Structure formats: C-alpha cells, structure tokens
$ cat query09.txt   # compact mmCIF, C-alpha atoms
# COMPACT_ATOMS: atom_id res chain seq x y z
CA MET A 1 -10.60 -27.48 64.41
CA GLN A 2 -10.03 -30.15 67.06
CA HIS A 3 -11.64 -32.96 65.06
CA ARG A 4 -9.62 -34.69 62.39
CA ASN A 5 -12.55 -35.08 60.00
CA PHE A 6 -13.31 -31.36 60.18
CA GLN A 7 -9.68 -30.53 59.44
CA LEU A 8 -9.76 -32.82 56.41
CA PHE A 9 -13.04 -31.29 55.25
CA ILE A 10 -11.71 -27.72 55.52
CA ALA A 11 -8.46 -28.63 53.73
CA GLY A 12 -10.36 -30.37 50.93
CA GLN A 13 -12.79 -27.49 50.51
CA LEU A 14 -9.91 -24.99 50.44
CA ILE A 15 -8.14 -26.94 47.70
CA SER A 16 -11.40 -27.29 45.76
CA LEU A 17 -12.20 -23.59 46.04
CA ILE A 18 -8.74 -22.53 44.89
CA GLY A 19 -9.04 -24.91 41.93
CA THR A 20 -12.43 -23.46 41.06
CA TRP A 21 -11.03 -19.93 41.14
CA MET A 22 -8.14 -20.97 38.90
CA GLN A 23 -10.50 -22.69 36.45
CA THR A 24 -12.82 -19.67 36.32
CA THR A 25 -9.92 -17.30 35.75
CA ALA A 26 -8.49 -19.50 33.00
CA GLN A 27 -11.87 -19.75 31.26
CA LEU A 28 -12.38 -15.99 31.36
CA TRP A 29 -8.85 -15.42 30.08
CA LEU A 30 -9.42 -17.92 27.25
CA VAL A 31 -12.66 -16.20 26.20
CA TYR A 32 -10.86 -12.85 26.26
CA GLU A 33 -7.95 -14.21 24.19
CA MET A 34 -10.29 -15.81 21.65
CA THR A 35 -12.63 -12.85 21.23
CA GLY A 36 -10.29 -9.96 21.91
CA SER A 37 -13.09 -8.16 23.72
CA ALA A 38 -14.56 -7.90 27.16
CA ALA A 39 -17.21 -10.49 26.25
CA CYS A 40 -15.66 -12.72 28.90
CA TRP A 41 -17.87 -10.97 31.47
CA VAL A 42 -20.90 -12.48 29.76
CA SER A 43 -19.45 -15.90 30.55
CA SER A 44 -18.96 -14.85 34.16
CA ASP A 45 -22.53 -13.57 34.42
CA LEU A 46 -23.92 -16.79 32.97
CA ARG A 47 -21.94 -18.78 35.52
CA ALA A 48 -23.35 -16.67 38.37
CA SER A 49 -26.87 -17.19 37.04
CA ALA A 50 -26.35 -20.95 36.91
CA ASN A 51 -25.10 -20.89 40.51
CA ALA A 52 -28.20 -19.00 41.62
CA VAL A 53 -30.50 -21.54 39.99
CA SER A 54 -28.60 -24.59 41.20
CA SER A 55 -28.42 -23.36 44.80
CA SER A 56 -32.10 -24.15 45.31
CA ILE A 57 -31.52 -27.65 43.98
CA GLY A 58 -28.57 -27.99 46.33
CA GLY A 59 -30.75 -26.96 49.25
CA TYR A 60 -33.28 -29.64 48.38
CA VAL A 61 -30.57 -32.29 48.10
CA GLY A 62 -29.01 -31.16 51.39
CA ASP A 63 -32.34 -31.49 53.18
CA ARG A 64 -33.37 -34.84 51.71
CA TYR A 65 -30.17 -36.88 51.36
CA ASP A 66 -27.03 -37.70 53.33
CA ARG A 67 -24.87 -34.59 53.31
CA GLN A 68 -21.55 -36.40 53.34
CA ARG A 69 -22.44 -38.44 50.27
CA SER A 70 -23.83 -35.34 48.57
CA VAL A 71 -20.59 -33.41 49.13
CA ILE A 72 -18.50 -36.33 47.90
CA ALA A 73 -20.71 -36.73 44.80
CA THR A 74 -20.57 -33.04 43.89
CA GLN A 75 -16.80 -32.86 44.42
CA VAL A 76 -16.23 -35.94 42.26
CA ALA A 77 -18.50 -34.49 39.56
CA SER A 78 -16.59 -31.19 39.66
CA MET A 79 -13.28 -33.03 39.42
CA VAL A 80 -14.44 -35.09 36.43
CA LEU A 81 -15.72 -31.98 34.64
CA ALA A 82 -12.43 -30.17 35.29
CA PHE A 83 -10.48 -33.11 33.83
CA VAL A 84 -12.76 -33.22 30.79
CA LEU A 85 -12.31 -29.49 30.28
CA ALA A 86 -8.52 -29.82 30.61
CA HIS A 87 -8.34 -32.36 27.79

$ encode --input "query09.txt" --output "structure tokens"
Amino acid sequence: MQHRNFQLFIAGQLISLIGTWMQTTAQLWLVYEMTGSAACWVSSDLRASANAVSSSIGGYVGDRYDRQRSVIATQVASMVLAFVLAH
C-alpha cells in the first residue's frame, strides 16, 4: 500500500465492487417484487453462469493485451451498462 497507484487501484476496485453488489441486490429485489416468487434465484444463477464463461475470455485478454487498458475498458463498460440499466 506504499505506492499511490496501487492505493488508487484498490479504492477504485472497492467502489466498483460495492456498486456491483448493490446493483445485483436491486435486480434480485426487482425480480422478486415483479414475480412475487423466489424466481429471482434463477436470475442469480444465470449471472453466475455468465461469470464462469466470461472468466476464460478475461484470462485470454489478460494474457494477450495491456492489463491496465483492459481494466479501464471493462470498468468503463460496466459503468455504461449500469447507467443504461438505471434509466
């Protein structure tokens, strides 16, 4: 934690992770409110399956391309998708 860039990276990842948790919780709650059943767990399971599939793609990108640019690109993409979902 002595390097400024590492501190910024950790802070940014913490904020991103908390936002992701909040978004996931809100989506599950919305599915529960709309359906009135525990079908929201199906949404959660589908999300976990998508993460499992995309992790291999992420590994390929991490090995082949600049990691800093890859992290920035994925964080910007996540932010844009969150804004689209909010509106």

$ atom_distance --input "query09.txt" --atom1 "CA of Ala48 (chain A)" --atom2 "CA of Thr24 (chain A)"
11.1 Å

$ residues_around --input "query09.txt" --residues "region 74-86 of chain A" --least-positions-apart "5" --cutoff "9 Å" --atoms "all atoms listed in the file" --output "PyMOL selection string"
chain A and resi 16+20+23+69

$ atom_distance --input "query09.txt" --atom1 "CA of Val31 (chain A)" --atom2 "CA of Asp45 (chain A)"
13.1 Å

$ atom_distance --input "query09.txt" --atom1 "CA of Ala50 (chain A)" --atom2 "CA of Ile18 (chain A)"
19.4 Å

$ axis_aligned_box --input "query09.txt" --around "region 74-84 of chain A" --padding-each-side "5 Å" --output "lines of an AutoDock Vina configuration file"
center_x = -15.5
center_y = -33.1
center_z = 37.6
size_x = 20.1
size_y = 15.8
size_z = 23.6
